Amino acid sequence: MKITGGIVTYNNSRTIEKCIDSVLKETAGKDYEFKLYVYDNGSTDGTPELVAQKYKNVHLIQSSENHGFGHGHNYIIKKVQSDYHFVINPDIFMDTDAIGYLADELSKDDTVGLATPKILNSDGTEQFLPKYCPTIRYVFVSKLPGFKYLRRRYTRQNEKLDKPTDIEFCTGCFFGASTAYIKAKRGFSNRFFMYCEDTDLSRRVRQEGKRIVFYPGTAVHHDWQRENTGNLRGIYRFIRSLLVYYRKWGWEL
C-alpha cells in the first residue's frame, strides 16, 4: 500500500518540526510506503529553510506568496501518486499510527469518502470536531448568553461517539481519503482562501452519496490556537468564507 501525506504551512515554525517528527516516526517501518509533502505558502519565519535543512526525505514545495490552505493542498493532491492520501495540519502531532489505521479502514469500505480520527488537545482532552453543518443558530446564536446548549449540540459533545460513526462534517486539520477519490473531487474548492473549505468538501462528498466516518479507535493531537480569528483580518476571512458557504449551500437556520 502506498500512502501520502500533505502539510500546508504559513509561518508555522513553532509547530512544524514537532508535526513532521511525529508523522515520520509513526509511519516508519510499517508495512506500507509513506511519502510526506510540505507546501509552504511564502513563509517569512524560516519554516521552509527548517524543513529543507532537516528533512531530506520530505518533498518540499515552495511558493513565493500565500495562496491559501486549499490551494496548497490541491497542488499536493495533483502531484501525489498513492493509494490513500492524508491532509495534515502543521499543528498536528501523532503518538500512534493513525495514518495506517485509517488507511486500513478506508481499504475495507469504498463507500467511505473521508475518514477522520478523534482529535485531542495537547493535554489529551477531546476537541469535539465531528460537528453538524454550520447553521445560523449553531455558528452565531450559540455564542449568545443562554444558548450554550446549542454549541454542545452542534459539536455533539453530549453524544457518546465511541464507535465508527457517520458524521456530517470532516475537519480539515486531519483526514484521509482514497487518493483517486480526492483527485476526482479536485480537492478543496478554490472559492475559499481559508475557513469553510472543509465544510464545503464535506457537503460535496455527502451530496454524491459517499460517507464521512469518524473513527474514535485512533487519535491525533491538535495544538490548536485561536490566532487566526484573534485579529480583524482573521475574523474578516472567517465571516467572508461563511458568506461564500451560505450563498452556495443556503442560509439554514
# chains A, B, ... in the order shown; residues from 1 in each chain; ligands from 1
call {"tool": "residues_around", "arguments": {"residues": "range 158-168 of chain A", "least_positions_apart": "4", "cutoff": "6 Å", "atoms": "only C-alpha atoms", "output": "ChimeraX atom specification"}}
result
/A:132,212-216
call {"tool": "residues_around", "arguments": {"residues": "range 13-25 of chain A", "least_positions_apart": "2", "cutoff": "10 Å", "atoms": "only C-alpha atoms", "output": "JSON list (two decimals) with C-alpha atoms, in the first residue's frame"}}
result
[["chain", "number", "residue", "atom", "x", "y", "z"],
["A", 5, "GLY", "CA", 0.51, 12.96, 3.44],
["A", 7, "ILE", "CA", 1.04, 19.61, 5.05],
["A", 8, "VAL", "CA", 0.42, 23.23, 4.04],
["A", 9, "THR", "CA", 2.38, 25.80, 6.04],
["A", 10, "TYR", "CA", 2.43, 29.54, 6.52],
["A", 11, "ASN", "CA", 4.76, 30.78, 9.25],
["A", 27, "THR", "CA", 4.84, 5.88, 9.80],
["A", 28, "ALA", "CA", 8.38, 4.45, 9.81],
["A", 29, "GLY", "CA", 8.97, 0.72, 9.44],
["A", 34, "PHE", "CA", 4.78, 6.57, 3.05],
["A", 35, "LYS", "CA", 5.81, 9.88, 1.48],
["A", 36, "LEU", "CA", 5.30, 13.31, 3.03],
["A", 38, "VAL", "CA", 5.07, 20.06, 2.53],
["A", 43, "SER", "CA", 6.54, 31.83, 4.99],
["A", 44, "THR", "CA", 8.85, 34.53, 6.34],
["A", 45, "ASP", "CA", 9.68, 32.91, 9.70],
["A", 46, "GLY", "CA", 12.18, 30.32, 8.45],
["A", 47, "THR", "CA", 9.70, 27.46, 8.06],
["A", 48, "PRO", "CA", 10.81, 26.33, 4.54],
["A", 49, "GLU", "CA", 14.50, 26.63, 5.47],
["A", 50, "LEU", "CA", 13.94, 24.46, 8.54],
["A", 51, "VAL", "CA", 12.11, 21.80, 6.52],
["A", 54, "LYS", "CA", 16.33, 18.90, 8.49],
["A", 55, "TYR", "CA", 14.09, 16.66, 6.38],
["A", 57, "ASN", "CA", 13.20, 12.83, 2.51],
["A", 58, "VAL", "CA", 10.28, 15.27, 2.73],
["A", 88, "ILE", "CA", -2.45, 17.12, 7.87],
["A", 89, "ASN", "CA", -2.32, 20.48, 9.65],
["A", 90, "PRO", "CA", 1.13, 21.75, 10.69],
["A", 91, "ASP", "CA", -0.09, 21.90, 14.31],
["A", 92, "ILE", "CA", -0.93, 18.19, 14.42],
["A", 93, "PHE", "CA", 1.26, 15.68, 16.21],
["A", 94, "MET", "CA", 0.87, 11.92, 16.46],
["A", 95, "ASP", "CA", 1.80, 9.36, 19.10],
["A", 96, "THR", "CA", 0.13, 6.41, 17.35],
["A", 97, "ASP", "CA", -0.06, 5.32, 13.72],
["A", 98, "ALA", "CA", -3.41, 6.96, 12.98],
["A", 99, "ILE", "CA", -2.47, 7.14, 9.30],
["A", 221, "HIS", "CA", -3.26, 15.71, 18.84],
["A", 222, "HIS", "CA", -4.09, 19.19, 17.56],
["A", 223, "ASP", "CA", -2.12, 22.06, 19.08]]
call {"tool": "closest_residue", "arguments": {"among": "A:Asn74, A:Gly68, A:Ser63, A:Ala219", "to": "Gly124 in chain A", "atoms": "only C-alpha atoms"}}
result
A:Ala219
call {"tool": "select_by_dssp", "arguments": {"residues": "range 128-208 of chain A", "states": "alpha helix (DSSP H)", "output": "PyMOL selection string"}}
result
chain A and resi 136-139+148-154+179-184+197-207
call {"tool": "select_by_dssp", "arguments": {"residues": "range 43-236 of chain A", "states": "strand (DSSP E or B)", "output": "PDB file with C-alpha atoms, in the first residue's frame"}}
result
ATOM      1  CA  HIS A  59       9.126  16.706  -0.589  1.00  0.00           C
ATOM      2  CA  LEU A  60       9.162  20.488  -0.081  1.00  0.00           C
ATOM      3  CA  ILE A  61       7.242  22.755  -2.452  1.00  0.00           C
ATOM      4  CA  GLN A  62       7.801  26.489  -2.037  1.00  0.00           C
ATOM      5  CA  TYR A  84      -4.507   6.856   0.132  1.00  0.00           C
ATOM      6  CA  HIS A  85      -3.759  10.470   0.921  1.00  0.00           C
ATOM      7  CA  PHE A  86      -3.920  12.409   4.203  1.00  0.00           C
ATOM      8  CA  VAL A  87      -4.441  16.115   4.799  1.00  0.00           C
ATOM      9  CA  ILE A  88      -2.446  17.120   7.866  1.00  0.00           C
ATOM     10  CA  ILE A  92      -0.934  18.189  14.417  1.00  0.00           C
ATOM     11  CA  PHE A  93       1.262  15.675  16.214  1.00  0.00           C
ATOM     12  CA  VAL A 112     -16.392   5.912   2.796  1.00  0.00           C
ATOM     13  CA  GLY A 113     -15.290   9.142   1.159  1.00  0.00           C
ATOM     14  CA  LEU A 114     -13.453  10.768   4.075  1.00  0.00           C
ATOM     15  CA  ALA A 115     -12.139   9.278   7.320  1.00  0.00           C
ATOM     16  CA  THR A 116     -11.137  11.237  10.405  1.00  0.00           C
ATOM     17  CA  PRO A 117      -9.960  10.137  13.871  1.00  0.00           C
ATOM     18  CA  LYS A 118     -10.585  11.511  17.327  1.00  0.00           C
ATOM     19  CA  ILE A 119      -8.865  14.894  17.651  1.00  0.00           C
ATOM     20  CA  LEU A 120      -7.290  15.669  21.029  1.00  0.00           C
ATOM     21  CA  GLU A 126     -11.043  15.881  23.299  1.00  0.00           C
ATOM     22  CA  GLN A 127     -11.759  18.520  20.689  1.00  0.00           C
ATOM     23  CA  THR A 165     -19.987   6.880  13.268  1.00  0.00           C
ATOM     24  CA  ASP A 166     -21.234   8.582  10.109  1.00  0.00           C
ATOM     25  CA  PHE A 174      -6.588  15.788   9.726  1.00  0.00           C
ATOM     26  CA  PHE A 175      -8.370  13.332   7.455  1.00  0.00           C
ATOM     27  CA  GLY A 176      -7.708  10.611   4.941  1.00  0.00           C
ATOM     28  CA  ALA A 177      -9.255   9.588   1.643  1.00  0.00           C
ATOM     29  CA  SER A 178      -8.660   7.393  -1.336  1.00  0.00           C
ATOM     30  CA  ARG A 211     -19.971   8.649   3.707  1.00  0.00           C
ATOM     31  CA  ILE A 212     -17.817  10.606   6.139  1.00  0.00           C
ATOM     32  CA  VAL A 213     -16.831   8.400   9.049  1.00  0.00           C
ATOM     33  CA  PHE A 214     -15.429   9.324  12.452  1.00  0.00           C
ATOM     34  CA  TYR A 215     -13.138   6.602  13.832  1.00  0.00           C
ATOM     35  CA  PRO A 216     -12.628   7.067  17.600  1.00  0.00           C
ATOM     36  CA  GLY A 217     -10.391   3.989  17.763  1.00  0.00           C
ATOM     37  CA  THR A 218      -7.378   6.148  16.920  1.00  0.00           C
ATOM     38  CA  ALA A 219      -6.448   9.749  17.639  1.00  0.00           C
ATOM     39  CA  VAL A 220      -4.089  12.606  16.828  1.00  0.00           C
ATOM     40  CA  HIS A 221      -3.258  15.712  18.843  1.00  0.00           C
ATOM     41  CA  HIS A 222      -4.086  19.188  17.556  1.00  0.00           C
TER      42      HIS A 222
END
call {"tool": "residues_around", "arguments": {"residues": "Arg237 in chain A", "least_positions_apart": "2", "cutoff": "12 Å", "atoms": "only C-alpha atoms", "output": "ChimeraX atom specification"}}
result
/A:68,191-197,228-235,239-244
call {"tool": "residues_around", "arguments": {"residues": "Asp198 in chain A", "least_positions_apart": "3", "cutoff": "10 Å", "atoms": "only C-alpha atoms", "output": "mmCIF file with all heavy atoms, in the first residue's frame"}}
result
data_model
loop_
_atom_site.group_PDB
_atom_site.id
_atom_site.type_symbol
_atom_site.label_atom_id
_atom_site.label_comp_id
_atom_site.auth_asym_id
_atom_site.auth_seq_id
_atom_site.Cartn_x
_atom_site.Cartn_y
_atom_site.Cartn_z
ATOM 1 N N GLY A 70 -6.484 25.732 0.946
ATOM 2 C CA GLY A 70 -6.993 24.791 -0.051
ATOM 3 C C GLY A 70 -6.114 24.709 -1.282
ATOM 4 O O GLY A 70 -5.875 23.619 -1.818
ATOM 5 N N PHE A 169 -19.693 16.526 9.100
ATOM 6 C CA PHE A 169 -18.571 17.429 8.865
ATOM 7 C C PHE A 169 -17.252 16.735 9.155
ATOM 8 O O PHE A 169 -17.085 16.127 10.215
ATOM 9 C CB PHE A 169 -18.718 18.658 9.771
ATOM 10 C CG PHE A 169 -17.464 19.487 9.896
ATOM 11 C CD1 PHE A 169 -17.098 20.363 8.887
ATOM 12 C CD2 PHE A 169 -16.660 19.387 11.023
ATOM 13 C CE1 PHE A 169 -15.934 21.124 8.999
ATOM 14 C CE2 PHE A 169 -15.517 20.144 11.149
ATOM 15 C CZ PHE A 169 -15.146 21.016 10.133
ATOM 16 N N CYS A 170 -16.314 16.855 8.216
ATOM 17 C CA CYS A 170 -14.972 16.302 8.407
ATOM 18 C C CYS A 170 -13.989 17.455 8.555
ATOM 19 O O CYS A 170 -13.812 18.259 7.633
ATOM 20 C CB CYS A 170 -14.588 15.428 7.219
ATOM 21 S SG CYS A 170 -12.958 14.655 7.403
ATOM 22 N N THR A 171 -13.343 17.557 9.693
ATOM 23 C CA THR A 171 -12.392 18.630 9.923
ATOM 24 C C THR A 171 -11.223 18.578 8.940
ATOM 25 O O THR A 171 -10.728 17.496 8.594
ATOM 26 C CB THR A 171 -11.838 18.571 11.360
ATOM 27 O OG1 THR A 171 -10.808 19.558 11.501
ATOM 28 C CG2 THR A 171 -11.247 17.206 11.688
ATOM 29 N N GLY A 172 -10.782 19.747 8.512
ATOM 30 C CA GLY A 172 -9.648 19.831 7.602
ATOM 31 C C GLY A 172 -8.304 19.715 8.290
ATOM 32 O O GLY A 172 -7.272 19.699 7.620
ATOM 33 N N CYS A 173 -8.291 19.614 9.631
ATOM 34 C CA CYS A 173 -6.996 19.545 10.316
ATOM 35 C C CYS A 173 -6.342 18.173 10.162
ATOM 36 O O CYS A 173 -5.120 18.065 10.233
ATOM 37 C CB CYS A 173 -7.131 19.935 11.787
ATOM 38 S SG CYS A 173 -7.883 18.714 12.877
ATOM 39 N N GLY A 187 -10.071 18.036 -4.841
ATOM 40 C CA GLY A 187 -9.705 18.600 -3.549
ATOM 41 C C GLY A 187 -10.674 19.646 -3.057
ATOM 42 O O GLY A 187 -11.896 19.505 -3.160
ATOM 43 N N PHE A 188 -10.121 20.729 -2.530
ATOM 44 C CA PHE A 188 -10.930 21.799 -1.955
ATOM 45 C C PHE A 188 -11.364 22.798 -3.024
ATOM 46 O O PHE A 188 -10.678 22.982 -4.035
ATOM 47 C CB PHE A 188 -10.131 22.538 -0.884
ATOM 48 C CG PHE A 188 -9.753 21.686 0.299
ATOM 49 C CD1 PHE A 188 -8.470 21.173 0.418
ATOM 50 C CD2 PHE A 188 -10.677 21.396 1.288
ATOM 51 C CE1 PHE A 188 -8.110 20.390 1.504
ATOM 52 C CE2 PHE A 188 -10.329 20.614 2.381
ATOM 53 C CZ PHE A 188 -9.044 20.110 2.487
ATOM 54 N N SER A 189 -12.483 23.459 -2.776
ATOM 55 C CA SER A 189 -12.955 24.494 -3.693
ATOM 56 C C SER A 189 -12.037 25.706 -3.624
ATOM 57 O O SER A 189 -11.633 26.138 -2.539
ATOM 58 C CB SER A 189 -14.383 24.912 -3.326
ATOM 59 O OG SER A 189 -14.756 26.072 -4.037
ATOM 60 N N PHE A 192 -12.579 29.303 -1.492
ATOM 61 C CA PHE A 192 -12.231 29.582 -0.109
ATOM 62 C C PHE A 192 -10.723 29.746 0.038
ATOM 63 O O PHE A 192 -9.959 28.853 -0.343
ATOM 64 C CB PHE A 192 -12.706 28.442 0.796
ATOM 65 C CG PHE A 192 -14.180 28.165 0.710
ATOM 66 C CD1 PHE A 192 -14.671 27.243 -0.211
ATOM 67 C CD2 PHE A 192 -15.072 28.822 1.537
ATOM 68 C CE1 PHE A 192 -16.031 26.985 -0.301
ATOM 69 C CE2 PHE A 192 -16.435 28.565 1.464
ATOM 70 C CZ PHE A 192 -16.918 27.645 0.531
ATOM 71 N N MET A 194 -9.344 30.527 3.199
ATOM 72 C CA MET A 194 -9.163 29.873 4.497
ATOM 73 C C MET A 194 -10.510 29.864 5.204
ATOM 74 O O MET A 194 -11.271 30.818 5.089
ATOM 75 C CB MET A 194 -8.136 30.622 5.345
ATOM 76 C CG MET A 194 -7.849 29.974 6.693
ATOM 77 S SD MET A 194 -6.696 30.939 7.713
ATOM 78 C CE MET A 194 -5.203 30.737 6.757
ATOM 79 N N TYR A 195 -10.785 28.765 5.893
ATOM 80 C CA TYR A 195 -12.040 28.523 6.617
ATOM 81 C C TYR A 195 -13.154 28.070 5.673
ATOM 82 O O TYR A 195 -13.301 28.576 4.565
ATOM 83 C CB TYR A 195 -12.523 29.760 7.387
ATOM 84 C CG TYR A 195 -11.517 30.339 8.337
ATOM 85 C CD1 TYR A 195 -11.059 31.642 8.192
ATOM 86 C CD2 TYR A 195 -11.018 29.578 9.389
ATOM 87 C CE1 TYR A 195 -10.128 32.177 9.063
ATOM 88 C CE2 TYR A 195 -10.084 30.111 10.254
ATOM 89 C CZ TYR A 195 -9.642 31.410 10.087
ATOM 90 O OH TYR A 195 -8.716 31.931 10.942
ATOM 91 N N LEU A 201 -16.226 20.815 1.307
ATOM 92 C CA LEU A 201 -15.834 19.495 0.810
ATOM 93 C C LEU A 201 -16.723 18.417 1.419
ATOM 94 O O LEU A 201 -17.166 17.493 0.718
ATOM 95 C CB LEU A 201 -14.368 19.217 1.143
ATOM 96 C CG LEU A 201 -13.844 17.831 0.757
ATOM 97 C CD1 LEU A 201 -13.920 17.605 -0.750
ATOM 98 C CD2 LEU A 201 -12.405 17.637 1.252
ATOM 99 N N SER A 202 -17.003 18.536 2.715
ATOM 100 C CA SER A 202 -17.878 17.561 3.378
ATOM 101 C C SER A 202 -19.251 17.513 2.726
ATOM 102 O O SER A 202 -19.812 16.435 2.502
ATOM 103 C CB SER A 202 -18.028 17.911 4.868
ATOM 104 O OG SER A 202 -16.797 17.857 5.543
ATOM 105 N N ARG A 203 -19.798 18.674 2.406
ATOM 106 C CA ARG A 203 -21.109 18.730 1.751
ATOM 107 C C ARG A 203 -21.052 18.074 0.375
ATOM 108 O O ARG A 203 -21.977 17.347 -0.025
ATOM 109 C CB ARG A 203 -21.577 20.186 1.623
ATOM 110 C CG ARG A 203 -21.940 20.861 2.929
ATOM 111 C CD ARG A 203 -23.206 20.315 3.556
ATOM 112 N NE ARG A 203 -24.395 20.605 2.813
ATOM 113 C CZ ARG A 203 -25.264 21.565 3.120
ATOM 114 N NH1 ARG A 203 -25.039 22.355 4.156
ATOM 115 N NH2 ARG A 203 -26.363 21.741 2.419
ATOM 116 N N ARG A 204 -19.997 18.338 -0.378
ATOM 117 C CA ARG A 204 -19.878 17.769 -1.724
ATOM 118 C C ARG A 204 -19.726 16.256 -1.674
ATOM 119 O O ARG A 204 -20.273 15.537 -2.524
ATOM 120 C CB ARG A 204 -18.687 18.397 -2.458
ATOM 121 C CG ARG A 204 -18.932 19.851 -2.840
ATOM 122 C CD ARG A 204 -17.853 20.381 -3.763
ATOM 123 N NE ARG A 204 -16.601 20.625 -3.084
ATOM 124 C CZ ARG A 204 -15.433 20.110 -3.449
ATOM 125 N NH1 ARG A 204 -15.357 19.266 -4.455
ATOM 126 N NH2 ARG A 204 -14.330 20.426 -2.796
#
call {"tool": "atom_distance", "arguments": {"atom1": "CA of Met1 in chain A", "atom2": "CA of Tyr181 in chain A"}}
result
15.8 Å
call {"tool": "closest_residue", "arguments": {"among": "A:Glu252, A:Asp109, A:Asp123, A:Glu33", "to": "Lys210 in chain A", "atoms": "only C-alpha atoms"}}
result
A:Asp109
call {"tool": "residues_around", "arguments": {"residues": "range 76-83 of chain A", "least_positions_apart": "5", "cutoff": "6 Å", "atoms": "only C-alpha atoms", "output": "list of chain:residue names"}}
result
A:Lys2, A:Ile3, A:Thr179
call {"tool": "atom_distance", "arguments": {"atom1": "CA of Arg152 in chain A", "atom2": "CA of Leu106 in chain A"}}
result
29.0 Å
call {"tool": "closest_residue", "arguments": {"among": "A:Lys131, A:Lys143, A:Tyr138, A:Gly209", "to": "Gln157 in chain A", "atoms": "only C-alpha atoms"}}
result
A:Lys131
call {"tool": "atom_distance", "arguments": {"atom1": "CA of Cys133 in chain A", "atom2": "CA of Thr199 in chain A"}}
result
7.2 Å
call {"tool": "decode", "arguments": {"residues": "range 115-128 of chain A", "atoms": "all heavy atoms", "output": "compact mmCIF listing (two decimals), in the first residue's frame"}}
result
# COMPACT_ATOMS: atom_id res chain seq x y z
N ALA A 115 -12.27 9.92 6.01
CA ALA A 115 -12.14 9.28 7.32
C ALA A 115 -11.33 10.18 8.24
O ALA A 115 -10.28 10.69 7.86
CB ALA A 115 -11.44 7.92 7.18
N THR A 116 -11.83 10.37 9.45
CA THR A 116 -11.14 11.24 10.40
C THR A 116 -11.12 10.57 11.78
O THR A 116 -12.06 9.87 12.14
CB THR A 116 -11.82 12.62 10.47
OG1 THR A 116 -11.04 13.52 11.27
CG2 THR A 116 -13.22 12.53 11.03
N PRO A 117 -10.05 10.76 12.55
CA PRO A 117 -9.96 10.14 13.87
C PRO A 117 -10.46 11.06 14.97
O PRO A 117 -10.92 12.18 14.71
CB PRO A 117 -8.45 9.94 14.02
CG PRO A 117 -7.88 11.18 13.39
CD PRO A 117 -8.81 11.49 12.21
N LYS A 118 -10.34 10.62 16.18
CA LYS A 118 -10.58 11.51 17.33
C LYS A 118 -9.47 12.55 17.35
O LYS A 118 -8.29 12.23 17.15
CB LYS A 118 -10.60 10.71 18.63
CG LYS A 118 -10.92 11.52 19.86
CD LYS A 118 -10.91 10.65 21.13
CE LYS A 118 -12.06 9.68 21.15
NZ LYS A 118 -12.13 8.95 22.46
N ILE A 119 -9.83 13.81 17.58
CA ILE A 119 -8.87 14.89 17.65
C ILE A 119 -8.75 15.34 19.11
O ILE A 119 -9.76 15.67 19.74
CB ILE A 119 -9.27 16.09 16.77
CG1 ILE A 119 -9.62 15.63 15.35
CG2 ILE A 119 -8.17 17.15 16.77
CD1 ILE A 119 -8.46 15.10 14.54
N LEU A 120 -7.52 15.33 19.63
CA LEU A 120 -7.29 15.67 21.03
C LEU A 120 -6.52 16.98 21.15
O LEU A 120 -5.71 17.33 20.28
CB LEU A 120 -6.49 14.56 21.72
CG LEU A 120 -7.07 13.14 21.67
CD1 LEU A 120 -6.09 12.16 22.31
CD2 LEU A 120 -8.42 13.08 22.37
N ASN A 121 -6.76 17.69 22.24
CA ASN A 121 -5.92 18.82 22.59
C ASN A 121 -4.55 18.32 23.04
O ASN A 121 -4.35 17.12 23.28
CB ASN A 121 -6.57 19.64 23.72
CG ASN A 121 -7.83 20.35 23.27
OD1 ASN A 121 -7.80 21.16 22.35
ND2 ASN A 121 -8.95 20.05 23.93
N SER A 122 -3.62 19.23 23.20
CA SER A 122 -2.27 18.84 23.63
C SER A 122 -2.28 18.16 24.99
O SER A 122 -1.42 17.31 25.27
CB SER A 122 -1.36 20.07 23.68
OG SER A 122 -1.25 20.67 22.41
N ASP A 123 -3.26 18.50 25.83
CA ASP A 123 -3.33 17.90 27.17
C ASP A 123 -4.12 16.60 27.20
O ASP A 123 -4.34 16.02 28.27
CB ASP A 123 -3.92 18.90 28.17
CG ASP A 123 -5.36 19.31 27.83
OD1 ASP A 123 -5.93 18.76 26.87
OD2 ASP A 123 -5.91 20.18 28.53
N GLY A 124 -4.56 16.13 26.04
CA GLY A 124 -5.26 14.86 25.96
C GLY A 124 -6.76 14.95 26.02
O GLY A 124 -7.46 13.94 25.81
N THR A 125 -7.31 16.12 26.32
CA THR A 125 -8.76 16.28 26.30
C THR A 125 -9.26 16.33 24.85
O THR A 125 -8.50 16.65 23.94
CB THR A 125 -9.19 17.56 27.03
OG1 THR A 125 -8.53 18.69 26.43
CG2 THR A 125 -8.82 17.47 28.50
N GLU A 126 -10.51 16.00 24.66
CA GLU A 126 -11.04 15.88 23.30
C GLU A 126 -11.50 17.22 22.72
O GLU A 126 -12.12 18.02 23.41
CB GLU A 126 -12.21 14.89 23.27
CG GLU A 126 -12.73 14.61 21.87
CD GLU A 126 -13.80 13.54 21.82
OE1 GLU A 126 -14.10 12.94 22.88
OE2 GLU A 126 -14.34 13.31 20.72
N GLN A 127 -11.16 17.44 21.45
CA GLN A 127 -11.76 18.52 20.69
C GLN A 127 -12.97 17.92 19.99
O GLN A 127 -12.83 16.95 19.26
CB GLN A 127 -10.77 19.08 19.66
CG GLN A 127 -9.60 19.79 20.25
CD GLN A 127 -8.64 20.33 19.19
OE1 GLN A 127 -8.96 20.40 18.01
NE2 GLN A 127 -7.46 20.71 19.63
N PHE A 128 -14.12 18.51 20.18
CA PHE A 128 -15.35 17.90 19.66
C PHE A 128 -15.57 18.40 18.22
O PHE A 128 -16.31 19.35 17.98
CB PHE A 128 -16.52 18.23 20.57
CG PHE A 128 -16.36 17.66 21.95
CD1 PHE A 128 -15.91 18.45 22.99
CD2 PHE A 128 -16.62 16.32 22.19
CE1 PHE A 128 -15.73 17.92 24.27
CE2 PHE A 128 -16.46 15.78 23.46
CZ PHE A 128 -16.01 16.58 24.50
